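Listing of protein-v3.cif, mmCIF, N, CA and C atoms
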```cif
data_data
loop_
_atom_site.label_atom_id
_atom_site.label_comp_id
_atom_site.auth_asym_id
_atom_site.auth_seq_id
_atom_site.Cartn_x
_atom_site.Cartn_y
_atom_site.Cartn_z
N MET Q 1 -22.99 27.85 -40.29
CA MET Q 1 -22.23 29.03 -40.65
C MET Q 1 -22.81 29.64 -41.91
N ASN Q 2 -22.88 30.97 -41.91
CA ASN Q 2 -23.34 31.70 -43.08
C ASN Q 2 -22.15 32.32 -43.80
N HIS Q 3 -22.39 32.75 -45.03
CA HIS Q 3 -21.35 33.36 -45.84
C HIS Q 3 -21.86 34.69 -46.38
N TRP Q 4 -20.95 35.65 -46.50
CA TRP Q 4 -21.32 37.01 -46.85
C TRP Q 4 -20.31 37.61 -47.81
N LEU Q 5 -20.66 38.78 -48.33
CA LEU Q 5 -19.74 39.57 -49.12
C LEU Q 5 -19.91 41.02 -48.69
N VAL Q 6 -18.81 41.69 -48.40
CA VAL Q 6 -18.82 43.12 -48.10
C VAL Q 6 -17.97 43.83 -49.14
N LYS Q 7 -18.34 45.07 -49.40
CA LYS Q 7 -17.64 45.86 -50.42
C LYS Q 7 -16.99 47.08 -49.78
N SER Q 8 -15.79 47.39 -50.29
CA SER Q 8 -15.10 48.59 -49.86
C SER Q 8 -14.25 49.12 -51.01
N GLU Q 9 -14.27 50.42 -51.19
CA GLU Q 9 -13.39 51.02 -52.19
C GLU Q 9 -11.97 50.98 -51.63
N PRO Q 10 -11.02 50.48 -52.41
CA PRO Q 10 -9.64 50.40 -51.89
C PRO Q 10 -9.08 51.75 -51.42
N SER Q 11 -9.51 52.84 -52.05
CA SER Q 11 -9.02 54.16 -51.63
C SER Q 11 -9.60 54.57 -50.28
N THR Q 12 -10.73 53.97 -49.90
CA THR Q 12 -11.34 54.25 -48.61
C THR Q 12 -10.84 53.28 -47.54
N TYR Q 13 -10.91 51.98 -47.84
CA TYR Q 13 -10.42 50.97 -46.90
C TYR Q 13 -10.06 49.72 -47.70
N SER Q 14 -8.79 49.51 -47.88
CA SER Q 14 -8.30 48.40 -48.70
C SER Q 14 -8.07 47.14 -47.87
N TRP Q 15 -7.96 46.04 -48.57
CA TRP Q 15 -7.61 44.76 -47.93
C TRP Q 15 -6.25 44.89 -47.24
N GLU Q 16 -5.30 45.56 -47.88
CA GLU Q 16 -3.97 45.73 -47.30
C GLU Q 16 -4.03 46.49 -45.98
N LYS Q 17 -4.85 47.54 -45.94
CA LYS Q 17 -5.02 48.30 -44.69
C LYS Q 17 -5.69 47.43 -43.63
N PHE Q 18 -6.67 46.65 -44.04
CA PHE Q 18 -7.37 45.73 -43.14
C PHE Q 18 -6.38 44.74 -42.53
N LEU Q 19 -5.48 44.19 -43.35
CA LEU Q 19 -4.47 43.26 -42.85
C LEU Q 19 -3.58 43.94 -41.80
N LYS Q 20 -3.19 45.17 -42.06
CA LYS Q 20 -2.34 45.91 -41.10
C LYS Q 20 -3.09 46.19 -39.80
N ASP Q 21 -4.39 46.55 -39.93
CA ASP Q 21 -5.20 46.87 -38.74
C ASP Q 21 -5.52 45.64 -37.90
N LYS Q 22 -5.56 44.47 -38.52
CA LYS Q 22 -5.87 43.18 -37.88
C LYS Q 22 -7.33 43.00 -37.47
N LYS Q 23 -8.10 44.06 -37.47
CA LYS Q 23 -9.55 43.98 -37.28
C LYS Q 23 -10.15 45.32 -37.66
N ALA Q 24 -11.46 45.31 -37.91
CA ALA Q 24 -12.14 46.54 -38.30
C ALA Q 24 -13.57 46.53 -37.81
N VAL Q 25 -14.04 47.70 -37.44
CA VAL Q 25 -15.45 47.91 -37.17
C VAL Q 25 -16.06 48.24 -38.53
N TRP Q 26 -16.99 47.40 -39.00
CA TRP Q 26 -17.59 47.61 -40.33
C TRP Q 26 -18.74 48.59 -40.18
N ASP Q 27 -18.40 49.88 -40.24
CA ASP Q 27 -19.38 50.94 -39.97
C ASP Q 27 -19.71 51.71 -41.24
N GLY Q 28 -20.63 52.65 -41.10
CA GLY Q 28 -20.99 53.53 -42.21
C GLY Q 28 -22.04 52.96 -43.15
N VAL Q 29 -22.56 51.78 -42.86
CA VAL Q 29 -23.59 51.18 -43.73
C VAL Q 29 -24.90 51.93 -43.51
N ARG Q 30 -25.44 52.49 -44.61
CA ARG Q 30 -26.66 53.29 -44.51
C ARG Q 30 -27.69 52.83 -45.54
N ASN Q 31 -27.91 51.55 -45.58
CA ASN Q 31 -28.89 50.94 -46.47
C ASN Q 31 -29.64 49.91 -45.63
N TYR Q 32 -30.96 49.92 -45.71
CA TYR Q 32 -31.75 49.04 -44.84
C TYR Q 32 -31.52 47.55 -45.11
N ALA Q 33 -31.41 47.16 -46.36
CA ALA Q 33 -31.15 45.75 -46.69
C ALA Q 33 -29.77 45.34 -46.18
N ALA Q 34 -28.77 46.19 -46.37
CA ALA Q 34 -27.42 45.90 -45.88
C ALA Q 34 -27.42 45.83 -44.35
N ARG Q 35 -28.18 46.71 -43.70
CA ARG Q 35 -28.27 46.68 -42.24
C ARG Q 35 -28.85 45.35 -41.76
N LEU Q 36 -29.90 44.88 -42.43
CA LEU Q 36 -30.47 43.57 -42.05
C LEU Q 36 -29.44 42.46 -42.21
N ASN Q 37 -28.63 42.54 -43.27
CA ASN Q 37 -27.59 41.53 -43.48
C ASN Q 37 -26.53 41.60 -42.38
N LEU Q 38 -26.12 42.80 -42.00
CA LEU Q 38 -25.17 42.94 -40.89
C LEU Q 38 -25.74 42.31 -39.62
N ARG Q 39 -27.01 42.57 -39.37
CA ARG Q 39 -27.63 42.05 -38.15
C ARG Q 39 -27.80 40.54 -38.17
N ALA Q 40 -27.76 39.94 -39.34
CA ALA Q 40 -27.88 38.48 -39.47
C ALA Q 40 -26.54 37.77 -39.34
N MET Q 41 -25.45 38.52 -39.39
CA MET Q 41 -24.12 37.90 -39.29
C MET Q 41 -23.90 37.34 -37.89
N LYS Q 42 -23.25 36.18 -37.86
CA LYS Q 42 -22.93 35.52 -36.60
C LYS Q 42 -21.42 35.39 -36.45
N LYS Q 43 -20.97 35.38 -35.22
CA LYS Q 43 -19.54 35.22 -34.93
C LYS Q 43 -19.04 33.96 -35.63
N GLY Q 44 -17.93 34.10 -36.35
CA GLY Q 44 -17.34 32.97 -37.07
C GLY Q 44 -17.76 32.86 -38.53
N ASP Q 45 -18.82 33.58 -38.94
CA ASP Q 45 -19.21 33.57 -40.35
C ASP Q 45 -18.06 34.07 -41.21
N LEU Q 46 -17.96 33.54 -42.43
CA LEU Q 46 -16.91 33.95 -43.35
C LEU Q 46 -17.45 34.97 -44.35
N VAL Q 47 -16.60 35.95 -44.68
CA VAL Q 47 -17.03 37.11 -45.45
C VAL Q 47 -16.03 37.38 -46.59
N CYS Q 48 -16.51 37.39 -47.82
CA CYS Q 48 -15.67 37.79 -48.95
C CYS Q 48 -15.48 39.30 -48.89
N PHE Q 49 -14.26 39.75 -49.12
CA PHE Q 49 -13.91 41.16 -49.10
C PHE Q 49 -13.71 41.59 -50.55
N TYR Q 50 -14.59 42.47 -51.03
CA TYR Q 50 -14.62 42.89 -52.43
C TYR Q 50 -14.15 44.33 -52.58
N HIS Q 51 -13.18 44.55 -53.46
CA HIS Q 51 -12.75 45.90 -53.79
C HIS Q 51 -13.69 46.46 -54.85
N SER Q 52 -14.46 47.47 -54.50
CA SER Q 52 -15.41 48.07 -55.43
C SER Q 52 -14.80 49.29 -56.11
N ASN Q 53 -15.39 49.69 -57.20
CA ASN Q 53 -15.00 50.85 -58.01
C ASN Q 53 -13.60 50.75 -58.60
N GLU Q 54 -12.59 50.51 -57.79
CA GLU Q 54 -11.22 50.34 -58.27
C GLU Q 54 -10.84 48.89 -58.01
N GLY Q 55 -10.62 48.13 -59.04
CA GLY Q 55 -10.24 46.74 -58.86
C GLY Q 55 -11.34 45.79 -59.26
N LEU Q 56 -12.53 46.00 -58.71
CA LEU Q 56 -13.69 45.15 -59.00
C LEU Q 56 -13.36 43.67 -58.86
N CYS Q 57 -12.91 43.30 -57.65
CA CYS Q 57 -12.56 41.89 -57.43
C CYS Q 57 -12.62 41.55 -55.95
N ILE Q 58 -12.82 40.25 -55.70
CA ILE Q 58 -12.77 39.72 -54.33
C ILE Q 58 -11.30 39.40 -54.06
N VAL Q 59 -10.75 39.98 -52.99
CA VAL Q 59 -9.33 39.85 -52.71
C VAL Q 59 -9.00 39.03 -51.47
N GLY Q 60 -9.98 38.85 -50.59
CA GLY Q 60 -9.69 38.13 -49.36
C GLY Q 60 -10.94 37.66 -48.66
N ILE Q 61 -10.71 36.91 -47.59
CA ILE Q 61 -11.78 36.39 -46.75
C ILE Q 61 -11.59 36.92 -45.34
N ALA Q 62 -12.65 37.45 -44.78
CA ALA Q 62 -12.65 37.93 -43.40
C ALA Q 62 -13.54 37.00 -42.57
N LYS Q 63 -13.47 37.19 -41.28
CA LYS Q 63 -14.30 36.41 -40.37
C LYS Q 63 -15.00 37.39 -39.43
N VAL Q 64 -16.27 37.10 -39.10
CA VAL Q 64 -17.00 37.94 -38.16
C VAL Q 64 -16.45 37.67 -36.77
N LEU Q 65 -15.94 38.72 -36.15
CA LEU Q 65 -15.34 38.64 -34.83
C LEU Q 65 -16.36 38.97 -33.73
N LYS Q 66 -17.24 39.94 -34.04
CA LYS Q 66 -18.26 40.36 -33.07
C LYS Q 66 -19.54 40.65 -33.84
N GLU Q 67 -20.64 40.14 -33.34
CA GLU Q 67 -21.95 40.30 -34.00
C GLU Q 67 -22.44 41.74 -33.87
N ALA Q 68 -23.52 42.02 -34.57
CA ALA Q 68 -24.04 43.38 -34.73
C ALA Q 68 -24.28 44.10 -33.40
N TYR Q 69 -23.90 45.38 -33.41
CA TYR Q 69 -24.16 46.28 -32.30
C TYR Q 69 -24.34 47.69 -32.86
N GLN Q 70 -24.75 48.62 -32.04
CA GLN Q 70 -25.04 50.00 -32.46
C GLN Q 70 -23.81 50.63 -33.13
N ASP Q 71 -24.02 51.24 -34.28
CA ASP Q 71 -22.95 51.95 -34.99
C ASP Q 71 -22.54 53.15 -34.14
N PRO Q 72 -21.28 53.18 -33.67
CA PRO Q 72 -20.85 54.27 -32.80
C PRO Q 72 -20.69 55.61 -33.52
N THR Q 73 -20.80 55.63 -34.84
CA THR Q 73 -20.65 56.89 -35.58
C THR Q 73 -21.96 57.66 -35.72
N THR Q 74 -23.06 57.09 -35.19
CA THR Q 74 -24.36 57.76 -35.30
C THR Q 74 -25.25 57.37 -34.12
N LYS Q 75 -26.23 58.23 -33.83
CA LYS Q 75 -27.22 57.91 -32.80
C LYS Q 75 -28.45 57.26 -33.41
N GLU Q 76 -28.52 57.27 -34.73
CA GLU Q 76 -29.64 56.64 -35.42
C GLU Q 76 -29.50 55.11 -35.36
N ASP Q 77 -30.53 54.41 -35.78
CA ASP Q 77 -30.59 52.95 -35.65
C ASP Q 77 -29.84 52.23 -36.79
N TRP Q 78 -28.49 52.30 -36.74
CA TRP Q 78 -27.65 51.61 -37.70
C TRP Q 78 -26.72 50.68 -36.95
N SER Q 79 -26.31 49.62 -37.60
CA SER Q 79 -25.50 48.59 -36.94
C SER Q 79 -24.13 48.44 -37.57
N VAL Q 80 -23.23 47.86 -36.80
CA VAL Q 80 -21.89 47.49 -37.27
C VAL Q 80 -21.60 46.07 -36.80
N VAL Q 81 -20.60 45.46 -37.40
CA VAL Q 81 -20.01 44.22 -36.91
C VAL Q 81 -18.50 44.43 -36.87
N ASP Q 82 -17.81 43.61 -36.11
CA ASP Q 82 -16.36 43.62 -36.14
C ASP Q 82 -15.90 42.46 -37.01
N LEU Q 83 -14.95 42.76 -37.90
CA LEU Q 83 -14.39 41.76 -38.79
C LEU Q 83 -12.89 41.66 -38.57
N GLU Q 84 -12.35 40.47 -38.83
CA GLU Q 84 -10.91 40.29 -38.81
C GLU Q 84 -10.49 39.58 -40.09
N PRO Q 85 -9.30 39.89 -40.61
CA PRO Q 85 -8.83 39.19 -41.81
C PRO Q 85 -8.64 37.71 -41.50
N TYR Q 86 -8.99 36.88 -42.45
CA TYR Q 86 -8.86 35.44 -42.28
C TYR Q 86 -7.88 34.86 -43.29
N LYS Q 87 -8.01 35.27 -44.56
CA LYS Q 87 -7.18 34.69 -45.61
C LYS Q 87 -7.14 35.61 -46.82
N THR Q 88 -5.93 35.84 -47.33
CA THR Q 88 -5.79 36.54 -48.60
C THR Q 88 -5.92 35.51 -49.71
N LEU Q 89 -6.74 35.80 -50.70
CA LEU Q 89 -6.90 34.86 -51.80
C LEU Q 89 -5.60 34.75 -52.60
N LYS Q 90 -5.31 33.56 -53.10
CA LYS Q 90 -4.10 33.37 -53.92
C LYS Q 90 -4.15 34.27 -55.14
N ARG Q 91 -5.35 34.46 -55.66
CA ARG Q 91 -5.56 35.29 -56.84
C ARG Q 91 -6.90 35.97 -56.70
N PRO Q 92 -6.98 37.29 -56.94
CA PRO Q 92 -8.28 37.95 -56.87
C PRO Q 92 -9.26 37.35 -57.88
N VAL Q 93 -10.53 37.33 -57.50
CA VAL Q 93 -11.59 36.86 -58.40
C VAL Q 93 -12.33 38.10 -58.89
N THR Q 94 -12.24 38.34 -60.19
CA THR Q 94 -12.78 39.57 -60.77
C THR Q 94 -14.29 39.49 -60.99
N LEU Q 95 -14.89 40.66 -61.08
CA LEU Q 95 -16.32 40.74 -61.38
C LEU Q 95 -16.61 40.12 -62.74
N THR Q 96 -15.72 40.28 -63.68
CA THR Q 96 -15.89 39.68 -65.02
C THR Q 96 -15.96 38.15 -64.91
N GLU Q 97 -15.07 37.56 -64.10
CA GLU Q 97 -15.09 36.11 -63.89
C GLU Q 97 -16.40 35.67 -63.22
N ILE Q 98 -16.81 36.44 -62.24
CA ILE Q 98 -18.04 36.12 -61.51
C ILE Q 98 -19.23 36.13 -62.45
N LYS Q 99 -19.33 37.17 -63.27
CA LYS Q 99 -20.45 37.27 -64.21
C LYS Q 99 -20.43 36.15 -65.24
N ALA Q 100 -19.26 35.65 -65.58
CA ALA Q 100 -19.13 34.59 -66.59
C ALA Q 100 -19.37 33.20 -66.04
N ASP Q 101 -19.36 33.05 -64.72
CA ASP Q 101 -19.50 31.73 -64.09
C ASP Q 101 -20.98 31.41 -63.88
N LYS Q 102 -21.40 30.26 -64.39
CA LYS Q 102 -22.83 29.86 -64.29
C LYS Q 102 -23.34 29.85 -62.86
N LEU Q 103 -22.55 29.35 -61.93
CA LEU Q 103 -22.98 29.23 -60.54
C LEU Q 103 -23.10 30.60 -59.86
N LEU Q 104 -22.39 31.60 -60.36
CA LEU Q 104 -22.35 32.90 -59.69
C LEU Q 104 -23.16 33.99 -60.38
N GLN Q 105 -23.78 33.70 -61.48
CA GLN Q 105 -24.49 34.72 -62.25
C GLN Q 105 -25.65 35.38 -61.51
N ASN Q 106 -26.18 34.72 -60.50
CA ASN Q 106 -27.33 35.27 -59.78
C ASN Q 106 -27.02 35.78 -58.39
N ILE Q 107 -25.74 35.91 -58.04
CA ILE Q 107 -25.45 36.44 -56.71
C ILE Q 107 -25.81 37.92 -56.67
N TYR Q 108 -26.01 38.44 -55.47
CA TYR Q 108 -26.41 39.84 -55.29
C TYR Q 108 -25.42 40.80 -55.91
N LEU Q 109 -24.14 40.46 -55.92
CA LEU Q 109 -23.13 41.33 -56.51
C LEU Q 109 -23.44 41.62 -57.98
N VAL Q 110 -24.00 40.64 -58.66
CA VAL Q 110 -24.36 40.79 -60.07
C VAL Q 110 -25.76 41.40 -60.20
N ARG Q 111 -26.71 40.91 -59.40
CA ARG Q 111 -28.10 41.34 -59.52
C ARG Q 111 -28.39 42.68 -58.86
N GLN Q 112 -27.73 42.96 -57.75
CA GLN Q 112 -28.00 44.17 -56.97
C GLN Q 112 -26.66 44.80 -56.59
N GLY Q 113 -25.93 45.24 -57.58
CA GLY Q 113 -24.56 45.68 -57.42
C GLY Q 113 -24.30 46.79 -56.43
N ARG Q 114 -25.30 47.56 -56.09
CA ARG Q 114 -25.09 48.69 -55.17
C ARG Q 114 -25.14 48.29 -53.70
N LEU Q 115 -25.63 47.10 -53.42
CA LEU Q 115 -25.73 46.64 -52.03
C LEU Q 115 -24.32 46.39 -51.47
N SER Q 116 -24.03 46.93 -50.29
CA SER Q 116 -22.67 46.87 -49.75
C SER Q 116 -22.40 45.67 -48.84
N VAL Q 117 -23.46 45.03 -48.36
CA VAL Q 117 -23.33 43.84 -47.51
C VAL Q 117 -24.38 42.86 -48.01
N MET Q 118 -23.94 41.67 -48.44
CA MET Q 118 -24.88 40.74 -49.06
C MET Q 118 -24.57 39.31 -48.68
N PRO Q 119 -25.61 38.47 -48.65
CA PRO Q 119 -25.39 37.05 -48.34
C PRO Q 119 -24.88 36.29 -49.57
N LEU Q 120 -24.18 35.21 -49.29
CA LEU Q 120 -23.77 34.26 -50.31
C LEU Q 120 -24.22 32.88 -49.87
N LYS Q 121 -24.63 32.06 -50.81
CA LYS Q 121 -24.91 30.66 -50.50
C LYS Q 121 -23.57 29.95 -50.32
N LYS Q 122 -23.59 28.87 -49.55
CA LYS Q 122 -22.36 28.11 -49.29
C LYS Q 122 -21.68 27.71 -50.60
N GLU Q 123 -22.46 27.22 -51.57
CA GLU Q 123 -21.87 26.77 -52.83
C GLU Q 123 -21.29 27.94 -53.64
N GLU Q 124 -21.87 29.13 -53.49
CA GLU Q 124 -21.33 30.31 -54.17
C GLU Q 124 -19.99 30.71 -53.55
N PHE Q 125 -19.96 30.71 -52.22
CA PHE Q 125 -18.73 31.02 -51.50
C PHE Q 125 -17.63 30.03 -51.89
N GLU Q 126 -17.96 28.75 -51.90
CA GLU Q 126 -16.98 27.72 -52.26
C GLU Q 126 -16.51 27.87 -53.70
N ARG Q 127 -17.40 28.27 -54.60
CA ARG Q 127 -17.02 28.47 -55.99
C ARG Q 127 -16.04 29.64 -56.12
N ILE Q 128 -16.26 30.70 -55.36
CA ILE Q 128 -15.33 31.83 -55.36
C ILE Q 128 -13.95 31.37 -54.91
N LEU Q 129 -13.90 30.55 -53.87
CA LEU Q 129 -12.59 30.02 -53.41
C LEU Q 129 -11.95 29.18 -54.50
N GLU Q 130 -12.73 28.35 -55.20
CA GLU Q 130 -12.19 27.54 -56.29
C GLU Q 130 -11.59 28.43 -57.38
N LEU Q 131 -12.33 29.46 -57.77
CA LEU Q 131 -11.84 30.37 -58.81
C LEU Q 131 -10.54 31.06 -58.40
N SER Q 132 -10.41 31.35 -57.12
CA SER Q 132 -9.20 32.04 -56.64
C SER Q 132 -7.96 31.14 -56.72
N GLU Q 133 -8.18 29.85 -56.82
CA GLU Q 133 -7.06 28.90 -56.91
C GLU Q 133 -6.61 28.66 -58.34
N LYS Q 134 -7.44 29.04 -59.32
CA LYS Q 134 -7.12 28.81 -60.73
C LYS Q 134 -6.13 29.86 -61.23
N LYS Q 135 -5.30 29.45 -62.18
CA LYS Q 135 -4.33 30.39 -62.77
C LYS Q 135 -4.88 31.06 -63.98
#
```
Structure encoded using structure tokens:
Amino acid sequence: MNHWLVKSEPSTYSWEKFLKDKKAVWDGVRNYAARLNLRAMKKGDLVCFYHSNEGLCIVGIAKVLKEAYQDPTTKEDWSVVDLEPYKTLKRPVTLTEIKADKLLQNIYLVRQGRLSVMPLKKEEFERILELSEKK
């Protein structure tokens, strides 16, 4: 199993809206590196859901429901995956916390902040879950 992080502005598509929808087509990705990451996702992979611009925190975990296929919003060569909510974190993990944590200082969110779909190592994913449990 692989681990990922996707970003969404809460005003565009929030975790709360995702929970209500029960699944989402993760479309609109228009970056080649992010597209490669979408295409590498496998059914069952776990995905951190990050609120960008407003909030700046990981708020939940999603699961890949359907692997990459043609983005239905364009005829160009872009891909989407289907995601479903898996778990709301007990406590959001902020970007400030991530940057301050030794194990997380080199994740793509810190090094390449503009990337909207990025891989996480298993130990990074697990550390994020640990941080979400702390008060």
- Message: Need to verify the contact set: range 67-82 of chain Q, 8 Å, only C-alpha atoms, exclusion of same-chain residues closer than 5 positions in sequence. Can you return it as a ChimeraX atom specification?
- Response: /Q:23-30,35,38-43
- Item | Nearest to Cys48 in chain Q by atom-to-atom distance, counting only N, CA and C atoms, from Q:Trp4, Q:Leu83, Q:Ala34, Q:Ser11 | Q:Trp4
- atom N of Gly60 in chain Q to atom C of Leu120 in chain Q, distance in Å rounded to a single decimal: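 Interatomic distance here is 15.5 Å.
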- Hey, what comes out of the PyMOL selection byres ((chain Q and resi 86) around 7) on this file? Could you write it as a PyMOL selection string? chain Q and resi 60-63+84-85+87-88
Would you export the selected residues with N, CA and C atoms as an mmCIF file, keeping the file's coordinate frame, please?
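Written file, selection-v3.cif:
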```cif
data_model
loop_
_atom_site.group_PDB
_atom_site.id
_atom_site.type_symbol
_atom_site.label_atom_id
_atom_site.label_comp_id
_atom_site.auth_asym_id
_atom_site.auth_seq_id
_atom_site.Cartn_x
_atom_site.Cartn_y
_atom_site.Cartn_z
ATOM 1 N N GLY Q 60 -9.980 38.850 -50.590
ATOM 2 C CA GLY Q 60 -9.690 38.130 -49.360
ATOM 3 C C GLY Q 60 -10.940 37.660 -48.660
ATOM 4 N N ILE Q 61 -10.710 36.910 -47.590
ATOM 5 C CA ILE Q 61 -11.780 36.390 -46.750
ATOM 6 C C ILE Q 61 -11.590 36.920 -45.340
ATOM 7 N N ALA Q 62 -12.650 37.450 -44.780
ATOM 8 C CA ALA Q 62 -12.650 37.930 -43.400
ATOM 9 C C ALA Q 62 -13.540 37.000 -42.570
ATOM 10 N N LYS Q 63 -13.470 37.190 -41.280
ATOM 11 C CA LYS Q 63 -14.300 36.410 -40.370
ATOM 12 C C LYS Q 63 -15.000 37.390 -39.430
ATOM 13 N N GLU Q 84 -12.350 40.470 -38.830
ATOM 14 C CA GLU Q 84 -10.910 40.290 -38.810
ATOM 15 C C GLU Q 84 -10.490 39.580 -40.090
ATOM 16 N N PRO Q 85 -9.300 39.890 -40.610
ATOM 17 C CA PRO Q 85 -8.830 39.190 -41.810
ATOM 18 C C PRO Q 85 -8.640 37.710 -41.500
ATOM 19 N N LYS Q 87 -8.010 35.270 -44.560
ATOM 20 C CA LYS Q 87 -7.180 34.690 -45.610
ATOM 21 C C LYS Q 87 -7.140 35.610 -46.820
ATOM 22 N N THR Q 88 -5.930 35.840 -47.330
ATOM 23 C CA THR Q 88 -5.790 36.540 -48.600
ATOM 24 C C THR Q 88 -5.920 35.510 -49.710
#
```
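Closest to Pro10 in chain Q among Q:Leu46, Q:Leu56, Q:Ala33, Q:Met118 is Q:Leu56, based on only N, CA and C atoms.
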- Task: May I have the residues within 10 Å of range 129-131 of chain Q as a ChimeraX atom specification, using only C-alpha atoms and disregarding those fewer than 3 positions away in the same chain?
- Result: /Q:48,58,60-61,89-94,97-98,101,123-126,134-135
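Considering all atoms listed in the file, the residue among Q:Leu109, Q:Met1, Q:Leu115, Q:Val6 positioned nearest to Phe49 in chain Q is Q:Val6.
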- Hey, can you check how far atom N of Asn106 in chain Q sits from atom N of Val64 in chain Q? 23.7 Å
- Query: So what do you get for CA of Trp15 in chain Q versus atom C of Val59 in chain Q, distance-wise?
  - Reply: 6.9 Å
- Message: I need the alpha helix (DSSP H) residues of range 2-116 of chain Q per DSSP on the backbone, written as a PyMOL selection string.
- Response: chain Q and resi 15-21+32-40+95-100+108-111
- Task: Go through chain Q and collect every residue that DSSP, computed from the backbone, puts in strand (DSSP E or B); the answer should be as a PyMOL selection string.
- Result: chain Q and resi 3-8+24-26+46-51+57-70+79-94+117-120
Could you write out as AutoDock Vina command-line options the box around range 58-76 of chain Q (axis-aligned, all atoms listed in the file, 6 Å on each side), with centre and edge lengths in Å to one decimal?
```
--center_x -19.3 --center_y 47.3 --center_z -43.9 --size_x 32.6 --size_y 33.8 --size_z 35.7
```
